[in-house]
>>> print(open('data.txt').read())   # compact mmCIF, C-alpha atoms and all ligand atoms
# COMPACT_ATOMS: atom_id res chain seq x y z
CA MET O 1 82.29 111.95 102.29
CA GLU O 2 84.77 114.50 103.47
CA VAL O 3 87.77 115.51 101.38
CA LEU O 4 91.12 115.39 103.22
CA VAL O 5 93.50 116.36 100.41
CA GLU O 6 92.68 118.38 97.34
CA THR O 7 94.90 119.84 94.64
CA ARG O 8 93.90 122.58 92.22
CA ASN O 9 95.68 122.96 88.93
CA LEU O 10 98.87 121.82 90.64
CA LYS O 11 102.06 122.14 88.57
CA THR O 12 105.64 121.17 89.30
CA HIS O 13 108.06 122.02 86.52
CA PHE O 14 111.80 121.36 86.71
CA PRO O 15 113.85 123.97 84.82
CA ILE O 16 116.25 122.70 82.16
CA LEU O 17 119.47 124.72 82.39
CA ARG O 18 121.90 124.82 79.44
CA GLY O 19 125.44 125.97 78.80
CA MET O 20 128.17 127.35 81.03
CA LEU O 21 125.90 130.11 82.25
CA LYS O 22 123.12 127.66 83.11
CA ARG O 23 120.55 129.59 81.17
CA PRO O 24 116.98 128.29 81.40
CA ALA O 25 116.09 126.38 78.23
CA GLY O 26 112.60 125.09 78.92
CA ALA O 27 111.21 122.91 81.68
CA VAL O 28 110.30 119.29 82.43
CA ARG O 29 106.59 119.51 83.10
CA ALA O 30 106.52 116.57 85.50
CA VAL O 31 103.22 117.56 87.12
CA ASP O 32 101.21 119.78 84.83
CA GLY O 33 97.83 120.82 86.13
CA ILE O 34 96.52 118.19 88.51
CA ASN O 35 93.07 118.40 90.10
CA LEU O 36 92.71 115.59 92.57
CA ALA O 37 90.55 114.97 95.63
CA ILE O 38 91.30 112.27 98.21
CA GLN O 39 88.54 111.51 100.72
CA ARG O 40 89.28 111.06 104.39
CA GLY O 41 89.88 107.36 105.01
CA GLN O 42 90.44 106.57 101.35
CA TRP O 43 93.20 104.31 100.00
CA MET O 44 93.85 106.04 96.69
CA GLY O 45 96.05 104.29 94.16
CA LEU O 46 98.19 106.23 91.68
CA VAL O 47 99.30 104.36 88.56
CA GLY O 48 100.99 105.17 85.25
CA GLU O 49 104.13 104.46 83.27
CA SER O 50 107.59 105.31 84.51
CA GLY O 51 108.33 109.02 84.28
CA CYS O 52 104.71 110.17 84.15
CA GLY O 53 105.11 112.23 87.34
CA LYS O 54 103.78 110.01 90.17
CA THR O 55 106.65 110.58 92.59
CA THR O 56 106.77 114.28 91.77
CA LEU O 57 103.04 114.58 92.46
CA GLY O 58 103.31 112.69 95.77
CA LYS O 59 106.24 114.81 96.94
CA THR O 60 104.62 118.04 95.85
CA ILE O 61 101.43 117.26 97.78
CA LEU O 62 103.62 116.72 100.86
CA ARG O 63 105.48 119.94 100.01
CA LEU O 64 108.77 118.08 99.85
CA LEU O 65 108.90 119.74 96.44
CA MET O 66 107.83 123.30 95.83
CA PRO O 67 105.01 123.54 93.28
CA THR O 68 105.47 125.88 90.34
CA SER O 69 101.84 126.94 90.66
CA GLY O 70 98.47 125.73 91.90
CA HIS O 71 97.01 124.97 95.28
CA ILE O 72 97.11 122.18 97.85
CA TYR O 73 94.35 122.05 100.46
CA PHE O 74 94.96 119.66 103.31
CA ASP O 75 92.50 118.98 106.13
CA VAL O 76 90.73 122.33 105.68
CA PRO O 77 87.54 122.68 107.79
CA GLY O 78 84.42 122.06 105.67
CA GLU O 79 82.92 125.55 105.91
CA ILE O 80 86.24 127.21 105.05
CA LYS O 81 86.72 124.91 102.08
CA ALA O 82 83.19 125.74 100.88
CA GLU O 83 84.04 129.45 101.08
CA ILE O 84 87.29 128.94 99.14
CA ASP O 85 85.41 126.95 96.47
CA LEU O 86 82.80 129.69 96.16
CA LEU O 87 85.38 132.48 95.96
CA GLU O 88 87.45 130.58 93.39
CA TYR O 89 84.34 130.04 91.29
CA SER O 90 82.77 133.49 91.62
CA ALA O 91 85.98 135.58 91.73
CA THR O 92 84.02 138.19 93.72
CA ASN O 93 86.42 138.82 96.58
CA PRO O 94 90.04 138.17 95.60
CA ARG O 95 91.42 139.69 98.81
CA ARG O 96 89.45 137.34 101.01
CA LEU O 97 90.44 134.41 98.77
CA GLN O 98 94.09 135.41 99.04
CA ALA O 99 93.81 135.65 102.85
CA LEU O 100 92.22 132.20 103.07
CA ARG O 101 94.92 130.72 100.83
CA GLN O 102 97.65 132.28 102.94
CA GLU O 103 96.15 130.47 105.89
CA TYR O 104 95.10 127.13 104.38
CA ASP O 105 96.89 126.55 101.08
CA LEU O 106 99.94 124.33 101.63
CA ALA O 107 101.47 125.67 98.42
CA MET O 108 101.68 129.09 100.07
CA ASN O 109 102.85 128.00 103.52
CA SER O 110 106.38 127.95 104.80
CA GLY O 111 108.33 127.93 108.08
CA ASN O 112 106.60 126.78 111.24
CA LYS O 113 103.21 126.53 109.63
CA LEU O 114 104.53 124.10 107.03
CA LYS O 115 106.32 122.14 109.76
CA ALA O 116 103.04 121.78 111.63
CA PHE O 117 101.40 120.39 108.48
CA ARG O 118 104.35 118.05 107.93
CA LYS O 119 103.60 116.23 111.16
CA LYS O 120 100.27 115.22 109.69
CA MET O 121 101.59 113.93 106.36
CA GLN O 122 104.37 111.45 105.75
CA LEU O 123 106.16 109.62 102.94
CA VAL O 124 107.24 105.98 102.76
CA HIS O 125 109.74 105.20 99.98
CA GLN O 126 110.15 102.14 97.80
CA ASP O 127 113.53 101.09 99.09
CA PRO O 128 113.96 101.34 102.84
CA TYR O 129 117.62 100.44 102.49
CA THR O 130 118.42 103.76 100.88
CA SER O 131 115.85 105.80 102.81
CA LEU O 132 116.97 104.63 106.29
CA ASN O 133 120.23 106.00 107.66
CA PRO O 134 122.54 102.94 107.87
CA ARG O 135 124.47 104.44 110.81
CA MET O 136 121.41 104.97 113.01
CA LYS O 137 119.85 102.43 115.33
CA VAL O 138 116.17 101.62 114.90
CA GLU O 139 115.33 103.52 118.09
CA ASN O 140 116.78 106.72 116.65
CA ILE O 141 115.41 106.19 113.15
CA VAL O 142 111.86 105.81 114.45
CA GLY O 143 112.28 108.37 117.25
CA GLU O 144 113.92 111.11 115.17
CA PRO O 145 110.65 112.70 113.99
CA LEU O 146 109.56 112.93 117.66
CA VAL O 147 112.71 114.92 118.41
CA VAL O 148 112.54 117.07 115.25
CA HIS O 149 108.97 118.05 116.02
CA LYS O 150 109.76 118.42 119.74
CA LEU O 151 106.97 116.02 120.65
CA LEU O 152 108.72 113.71 123.12
CA SER O 153 112.21 113.07 124.43
CA GLY O 154 114.15 110.68 126.67
CA ARG O 155 112.23 107.85 128.31
CA GLN O 156 108.89 108.95 126.87
CA ALA O 157 110.29 108.93 123.32
CA ARG O 158 111.73 105.43 123.89
CA ASP O 159 108.36 104.20 125.17
CA ARG O 160 106.61 105.70 122.18
CA VAL O 161 109.10 104.04 119.80
CA ALA O 162 108.45 100.69 121.49
CA GLU O 163 104.71 101.24 121.10
CA ILE O 164 105.04 102.08 117.39
CA LEU O 165 107.33 99.09 116.77
CA PHE O 166 104.63 96.92 118.29
CA MET O 167 102.06 98.51 115.99
CA VAL O 168 104.10 97.50 112.93
CA GLY O 169 104.62 93.92 114.11
CA LEU O 170 108.10 94.31 115.62
CA THR O 171 109.22 94.36 119.27
CA ASP O 172 111.49 96.46 121.48
CA LYS O 173 114.21 93.87 120.77
CA HIS O 174 114.61 95.56 117.39
CA MET O 175 115.35 98.96 118.95
CA ASP O 176 119.11 98.55 119.12
CA ARG O 177 119.58 97.08 115.68
CA TYR O 178 120.93 98.80 112.59
CA PRO O 179 119.15 98.64 109.20
CA HIS O 180 121.65 96.12 107.78
CA GLN O 181 120.78 93.70 110.61
CA LEU O 182 117.16 93.55 109.42
CA SER O 183 115.41 91.79 106.53
CA GLY O 184 113.84 93.75 103.65
CA GLY O 185 110.36 93.34 105.14
CA GLN O 186 111.54 94.42 108.60
CA ARG O 187 113.25 97.47 107.13
CA GLN O 188 110.04 98.47 105.39
CA ARG O 189 108.22 98.03 108.74
CA ILE O 190 110.77 100.42 110.29
CA ALA O 191 110.16 102.96 107.51
CA ILE O 192 106.42 102.67 108.19
CA ALA O 193 107.01 103.01 111.95
CA ARG O 194 109.04 106.16 111.36
CA ALA O 195 106.21 107.58 109.26
CA LEU O 196 103.73 106.81 112.05
CA ALA O 197 105.79 108.47 114.81
CA THR O 198 104.20 111.90 114.54
CA ASN O 199 100.68 110.49 114.43
CA PRO O 200 99.94 111.54 110.84
CA ASN O 201 96.59 111.25 109.16
CA PHE O 202 97.87 111.08 105.57
CA ILE O 203 100.69 108.92 104.17
CA VAL O 204 102.06 108.79 100.62
CA PHE O 205 103.54 105.39 99.78
CA ASP O 206 105.87 105.39 96.78
CA GLU O 207 105.97 101.79 95.57
CA PRO O 208 106.50 100.52 99.12
CA THR O 209 106.47 96.82 98.30
CA SER O 210 108.03 96.62 94.84
CA ALA O 211 111.46 95.69 96.26
CA LEU O 212 110.01 92.87 98.38
CA ASP O 213 109.22 89.19 97.77
CA VAL O 214 105.60 88.40 97.03
CA SER O 215 104.94 86.79 100.44
CA VAL O 216 106.56 89.68 102.33
CA GLN O 217 104.64 92.08 100.13
CA ALA O 218 101.37 90.45 101.22
CA GLN O 219 102.33 90.82 104.88
CA ILE O 220 103.16 94.50 104.47
CA LEU O 221 99.88 95.11 102.63
CA ASN O 222 98.01 93.44 105.48
CA LEU O 223 99.86 95.65 107.94
CA LEU O 224 98.91 98.75 105.96
CA LYS O 225 95.27 97.65 105.95
CA GLN O 226 95.31 97.13 109.69
CA LEU O 227 97.07 100.44 110.41
CA LYS O 228 94.72 102.34 108.18
CA ARG O 229 91.76 100.97 110.10
CA GLU O 230 93.23 101.36 113.58
CA GLN O 231 94.85 104.77 113.08
CA GLN O 232 92.17 106.21 110.76
CA LEU O 233 94.71 106.94 108.05
CA THR O 234 94.32 108.11 104.47
CA TYR O 235 96.73 106.81 101.83
CA LEU O 236 98.01 107.85 98.43
CA TYR O 237 99.56 104.65 97.13
CA ILE O 238 101.89 104.81 94.12
CA THR O 239 102.35 101.45 92.42
CA HIS O 240 103.26 99.77 89.15
CA ASP O 241 101.42 96.66 90.17
CA LEU O 242 97.85 96.93 88.95
CA SER O 243 96.78 93.75 90.70
CA VAL O 244 97.94 95.19 94.02
CA ALA O 245 96.14 98.43 93.22
CA GLU O 246 92.98 96.50 92.43
CA SER O 247 93.10 94.41 95.56
CA VAL O 248 93.84 97.11 98.14
CA CYS O 249 92.78 100.51 96.81
CA ASP O 250 89.29 101.95 96.91
CA GLY O 251 90.03 104.62 94.30
CA ILE O 252 92.49 104.79 91.41
CA VAL O 253 94.07 107.74 89.64
CA VAL O 254 95.70 107.10 86.26
CA MET O 255 98.41 109.58 85.26
CA TYR O 256 99.93 110.17 81.86
CA LEU O 257 102.71 112.68 81.19
CA GLY O 258 101.96 115.01 84.09
CA LYS O 259 98.17 114.84 83.78
CA VAL O 260 95.38 112.82 85.35
CA VAL O 261 93.56 110.98 82.56
CA GLU O 262 91.12 108.88 84.59
CA VAL O 263 89.84 108.52 88.15
CA GLY O 264 87.53 105.74 89.23
CA ASN O 265 86.90 102.84 91.51
CA PRO O 266 89.30 99.92 90.95
CA VAL O 267 86.76 97.33 89.88
CA GLU O 268 85.25 99.55 87.21
CA LEU O 269 88.54 101.07 86.11
CA PHE O 270 90.30 97.75 85.64
CA CYS O 271 87.31 95.90 84.17
CA VAL O 272 85.98 98.61 81.89
CA PRO O 273 88.60 101.35 81.58
CA LYS O 274 87.26 104.44 79.84
CA HIS O 275 90.42 106.22 78.80
CA PRO O 276 92.34 104.50 75.96
CA TYR O 277 95.51 104.93 78.03
CA SER O 278 93.97 103.19 81.05
CA GLN O 279 92.88 100.42 78.72
CA ALA O 280 96.41 100.10 77.33
CA LEU O 281 97.77 99.88 80.90
CA VAL O 282 95.30 97.17 81.84
CA LEU O 283 95.96 95.21 78.66
CA SER O 284 99.71 95.46 79.15
CA THR O 285 99.48 93.76 82.54
CA PRO O 286 96.56 91.30 82.57
CA ILE O 287 95.38 91.30 86.15
CA ALA O 288 94.21 87.70 86.38
CA ASP O 289 97.43 86.23 85.00
CA PRO O 290 99.48 84.67 87.81
CA GLN O 291 102.45 84.28 85.47
CA ARG O 292 102.52 88.01 84.87
CA LYS O 293 105.90 89.55 85.53
CA ARG O 294 106.06 92.13 88.27
CA GLY O 295 107.79 95.41 87.63
CA ARG O 296 107.59 98.40 85.36
CA ILE O 297 104.61 98.94 83.12
CA VAL O 298 105.75 98.78 79.50
CA LEU O 299 103.46 99.88 76.67
CA PRO O 300 104.15 99.93 72.95
CA GLY O 301 105.25 103.27 71.54
CA GLU O 302 107.52 105.88 73.00
CA VAL O 303 106.56 108.12 75.88
CA PRO O 304 106.97 111.69 74.65
CA SER O 305 109.26 114.00 76.61
CA PRO O 306 107.53 115.85 79.43
CA ALA O 307 109.65 118.84 78.38
CA GLN O 308 107.74 118.99 75.09
CA PRO O 309 104.40 117.28 75.60
CA PRO O 310 102.22 116.76 72.51
CA SER O 311 99.52 119.31 71.73
CA GLY O 312 95.87 118.61 72.54
CA CYS O 313 95.45 115.29 74.33
CA ARG O 314 98.93 114.21 75.39
CA PHE O 315 98.17 110.58 74.60
CA HIS O 316 97.07 111.25 71.00
CA PRO O 317 100.31 110.15 69.23
CA ARG O 318 99.93 106.68 70.82
CA CYS O 319 96.14 106.47 70.72
CA VAL O 320 94.33 104.39 68.10
CA ARG O 321 91.16 106.46 68.54
CA ALA O 322 92.85 109.84 68.05
CA THR O 323 91.12 112.34 65.76
CA GLU O 324 91.99 115.85 64.58
CA GLU O 325 90.19 117.23 67.62
CA CYS O 326 92.41 115.19 69.95
CA LYS O 327 95.52 116.65 68.32
CA GLN O 328 94.38 120.21 68.82
CA VAL O 329 92.22 120.57 71.89
CA GLU O 330 93.11 119.28 75.32
CA PRO O 331 90.27 117.35 76.98
CA VAL O 332 89.44 118.20 80.60
CA LEU O 333 88.61 115.72 83.34
CA GLU O 334 84.83 115.21 83.27
CA SER O 335 82.35 112.91 84.95
CA VAL O 336 81.45 109.83 82.93
CA GLY O 337 78.87 107.57 84.54
CA GLU O 338 78.40 107.67 88.29
CA THR O 339 81.87 107.17 89.65
CA SER O 340 84.41 107.94 86.92
CA LEU O 341 86.21 111.05 85.79
CA VAL O 342 87.83 110.87 82.36
CA ALA O 343 89.87 113.31 80.28
CA CYS O 344 89.18 112.06 76.75
CA TRP O 345 87.21 113.25 73.71
CA HIS O 346 86.26 109.70 72.76
CA PRO O 347 86.05 107.60 75.91
CA LEU O 348 85.52 103.84 75.67
CA ASN O 349 82.66 101.98 77.27
N1 LIG O 401 114.60 116.72 90.35
C1 LIG O 401 114.32 116.61 89.06
N2 LIG O 401 114.88 117.42 88.15
C2 LIG O 401 114.56 117.33 86.85
N3 LIG O 401 113.67 116.45 86.34
C3 LIG O 401 113.08 115.61 87.20
C4 LIG O 401 113.37 115.64 88.61
N4 LIG O 401 112.60 114.68 89.22
C5 LIG O 401 111.90 114.09 88.26
N5 LIG O 401 112.19 114.64 87.04
C6 LIG O 401 111.58 114.27 85.75
O1 LIG O 401 110.18 114.44 85.91
C7 LIG O 401 109.47 113.41 85.22
C8 LIG O 401 108.58 112.67 86.21
O2 LIG O 401 109.41 111.97 87.12
P1 LIG O 401 108.81 111.11 88.34
O3 LIG O 401 109.96 110.58 89.09
O4 LIG O 401 107.83 111.94 89.07
O5 LIG O 401 108.04 109.94 87.57
P2 LIG O 401 107.41 108.60 88.14
O6 LIG O 401 106.04 108.48 87.53
O7 LIG O 401 107.52 108.58 89.63
O8 LIG O 401 108.36 107.50 87.49
P3 LIG O 401 108.78 106.04 88.08
O9 LIG O 401 107.56 105.18 87.88
O10 LIG O 401 109.92 105.64 87.22
O11 LIG O 401 109.15 106.21 89.53
C9 LIG O 401 110.53 112.53 84.58
O12 LIG O 401 110.70 112.96 83.24
C10 LIG O 401 111.77 112.81 85.38
O13 LIG O 401 112.93 112.62 84.62
MG MG O 402 108.49 107.34 90.97
>>> encode(input="data.txt", output="structure tokens")
Amino acid sequence: MEVLVETRNLKTHFPILRGMLKRPAGAVRAVDGINLAIQRGQWMGLVGESGCGKTTLGKTILRLLMPTSGHIYFDVPGEIKAEIDLLEYSATNPRRLQALRQEYDLAMNSGNKLKAFRKKMQLVHQDPYTSLNPRMKVENIVGEPLVVHKLLSGRQARDRVAEILFMVGLTDKHMDRYPHQLSGGQRQRIAIARALATNPNFIVFDEPTSALDVSVQAQILNLLKQLKREQQLTYLYITHDLSVAESVCDGIVVMYLGKVVEVGNPVELFCVPKHPYSQALVLSTPIADPQRKRGRIVLPGEVPSPAQPPSGCRFHPRCVRATEECKQVEPVLESVGETSLVACWHPLN
């Protein structure tokens, strides 16, 4: 399979500024060294407790946030990517590596080059009511990216908007409406339509259905499935709802305090989690329980501050399996079995 998006040791730290003079006094390490690969056509789920860095990671990959360090490779031709991998590994020709990164690393791009990438990657937020401009009509909300990227204008733009509205299950009757004249589900369809306008191949969804009723949620998920198939899209799907993640995703990333602790396929990850944190997540929200409350994942114990993460394995203060080693040495993400990657000194199963 071909990789569409790959991050290397990606970090996004937010400076903490103190006092009248706003002197730097540390940093919130929201994303703190993420290596992640998303295959073309994959529907990758991203789960973890509130504040663990999911939104920051999604926005950094899209370069809506500037990474502190690390690399983001997006849709790099296979032979170029192989050369970058080799040069990163062998460190034999730093000048060539630097030149390739200038060209292909999103973390290093800016200006028009970044704008060109932006067309290909989009974000859909949780709450379309706050993300859609209440004073704009649907036609302009969906058509705006076409204008910004100078793709279409006038009649052609209107036709394209009508076409996209049709793709998301709406009609041209909705063109002249304002967001407040639409239902929650329709507003989320508009947000999806806007994301589709520039013909992207990668979309980050940040809890796109958590503000919707269960039945509307199911309809939106069906729409996303259909669009993914028809438009050959790749998704990074941030969610608190593990049962949704299990039913729609074909890969899952578990994050804890700015780090990836486990990557695997949903069936294996939710049935036999290998990282104690993944296990705690699964146990906190039993997937087969229809009575289970939707919403935030809540685990026992306090989440440490991402400004001062624990030494060694960041989960060790809350982990029942923690040993001296876990307190001192940070585990790296390693293959366990055929399909899983786990960052733990004492994995389960
Ligand atoms: N702009 C910012 N400035 C400073 N700190 C920030 C900023 N954005 C996020 N943070 C902090 O970074 C950490 C990660 O936040 P983030 O929003 O990425 O988490 P999340 O996993 O998306 O949480 P949730 O599930 O609640 O949406 C949190 O401690 C948060 O307070
Ligand atoms: Mg978030």
>>> residues_near_point(input="data.txt", point="(105.3, 109.0, 101.7)", cutoff="10 Å", atoms="only C-alpha atoms", output="list in words")
Thr55, Gly58, Lys59, Ile61, Leu62, Leu64, Met121, Gln122, Leu123, Val124, His125, Gln126, Ala191, Ile192, Ala195, Phe202, Ile203, Val204, Phe205, Asp206, Glu207, Pro208, Tyr235, Leu236, Tyr237 and Ile238 of chain O
>>> closest_atom_pairs(input="data.txt", of="region 330-349 of chain O", to="region 265-272 of chain O", cutoff="8 Å", atoms="all atoms listed in the file", output="JSON lines")
{"residue": "O:Thr339", "atom": "CA", "partner": "O:Asn265", "partner_atom": "CA", "distance": 6.9}
{"residue": "O:Ser340", "atom": "CA", "partner": "O:Asn265", "partner_atom": "CA", "distance": 7.3}
{"residue": "O:Asn349", "atom": "CA", "partner": "O:Val272", "partner_atom": "CA", "distance": 6.6}
>>> residues_around(input="data.txt", residues="Asn201 (chain O)", least_positions_apart="3", cutoff="7 Å", atoms="all atoms listed in the file", output="PDB file with C-alpha atoms, in the coordinates of the input")
ATOM      1  CA  LYS O 120     100.270 115.220 109.690  1.00  0.00           C
ATOM      2  CA  MET O 121     101.590 113.930 106.360  1.00  0.00           C
ATOM      3  CA  GLN O 232      92.170 106.210 110.760  1.00  0.00           C
ATOM      4  CA  LEU O 233      94.710 106.940 108.050  1.00  0.00           C
ATOM      5  CA  THR O 234      94.320 108.110 104.470  1.00  0.00           C
TER       6      THR O 234
END
>>> closest_residue(input="data.txt", among="O:Thr130, O:Asn9, O:Gln188, O:Thr239", to="ligand MG 402 (chain O)", atoms="all atoms listed in the file")
O:Thr239
>>> axis_aligned_box(input="data.txt", around="ligand LIG 401 (chain O)", padding_each_side="8 Å", output="JSON")
{"center_x": 110.5, "center_y": 111.3, "center_z": 86.8, "size_x": 24.8, "size_y": 28.2, "size_z": 23.1}
>>> closest_atom_pairs(input="data.txt", of="region 198-317 of chain O", to="region 159-176 of chain O", cutoff="9 Å", atoms="only C-alpha atoms", output="JSON lines")
{"residue": "O:Leu223", "atom": "CA", "partner": "O:Val168", "partner_atom": "CA", "distance": 6.8}
{"residue": "O:Leu224", "atom": "CA", "partner": "O:Val168", "partner_atom": "CA", "distance": 8.8}
{"residue": "O:Leu227", "atom": "CA", "partner": "O:Met167", "partner_atom": "CA", "distance": 7.7}
>>> write_last_selection(input="data.txt", atoms="C-alpha atoms", output="short mmCIF file (atom, residue, chain, number, x, y, z; two decimals), keeping the file's coordinate frame")
data_model
loop_
_atom_site.label_atom_id
_atom_site.label_comp_id
_atom_site.auth_asym_id
_atom_site.auth_seq_id
_atom_site.Cartn_x
_atom_site.Cartn_y
_atom_site.Cartn_z
CA LEU O 223 99.86 95.65 107.94
CA LEU O 224 98.91 98.75 105.96
CA LEU O 227 97.07 100.44 110.41
#
>>> atom_distance(input="data.txt", atom1="CA of Val254 (chain O)", atom2="CA of Lys11 (chain O)")
16.5 Å
>>> residues_near_ligand(input="data.txt", ligand="ligand LIG 401 (chain O)", cutoff="6 Å", atoms="all atoms listed in the file", output="ChimeraX atom specification")
/O:14,28,30,49-56,306
>>> residues_around(input="data.txt", residues="region 314-318 of chain O", least_positions_apart="6", cutoff="10 Å", atoms="only C-alpha atoms", output="PyMOL selection string")
chain O and resi 256-259+261+275-277+280+299-304+306+324-331+344
>>> atom_distance(input="data.txt", atom1="atom MG of ligand MG 402 (chain O)", atom2="CA of Thr12 (chain O)")
14.2 Å
>>> atom_distance(input="data.txt", atom1="CA of Ser90 (chain O)", atom2="CA of Arg29 (chain O)")
28.9 Å
>>> residues_around(input="data.txt", residues="region 114-117 of chain O", least_positions_apart="4", cutoff="9 Å", atoms="only C-alpha atoms", output="ChimeraX atom specification")
/O:62-63,74,106,109-110,121,149
>>> closest_residue(input="data.txt", among="O:Glu334, O:Glu88, O:Glu6, O:Asp241", to="Gly48 (chain O)", atoms="all atoms listed in the file")
O:Asp241
>>> closest_residue(input="data.txt", among="O:Val147, O:Leu97, O:Leu10, O:Leu182", to="Ile84 (chain O)", atoms="all atoms listed in the file")
O:Leu97
>>> closest_residue(input="data.txt", among="O:Ala343, O:Cys249, O:Val320, O:Leu57", to="ligand MG 402 (chain O)", atoms="only C-alpha atoms and all ligand atoms")
O:Leu57
>>> residues_near_point(input="data.txt", point="(89.8, 121.8, 96.1)", cutoff="8 Å", atoms="only C-alpha atoms", output="PyMOL selection string")
chain O and resi 5-8+35-37+71-73+81+85
>>> write_last_selection(input="data.txt", atoms="C-alpha atoms", output="mmCIF file, in the frame of the given file")
data_model
loop_
_atom_site.group_PDB
_atom_site.id
_atom_site.type_symbol
_atom_site.label_atom_id
_atom_site.label_comp_id
_atom_site.auth_asym_id
_atom_site.auth_seq_id
_atom_site.Cartn_x
_atom_site.Cartn_y
_atom_site.Cartn_z
ATOM 1 C CA VAL O 5 93.500 116.360 100.410
ATOM 2 C CA GLU O 6 92.680 118.380 97.340
ATOM 3 C CA THR O 7 94.900 119.840 94.640
ATOM 4 C CA ARG O 8 93.900 122.580 92.220
ATOM 5 C CA ASN O 35 93.070 118.400 90.100
ATOM 6 C CA LEU O 36 92.710 115.590 92.570
ATOM 7 C CA ALA O 37 90.550 114.970 95.630
ATOM 8 C CA HIS O 71 97.010 124.970 95.280
ATOM 9 C CA ILE O 72 97.110 122.180 97.850
ATOM 10 C CA TYR O 73 94.350 122.050 100.460
ATOM 11 C CA LYS O 81 86.720 124.910 102.080
ATOM 12 C CA ASP O 85 85.410 126.950 96.470
#
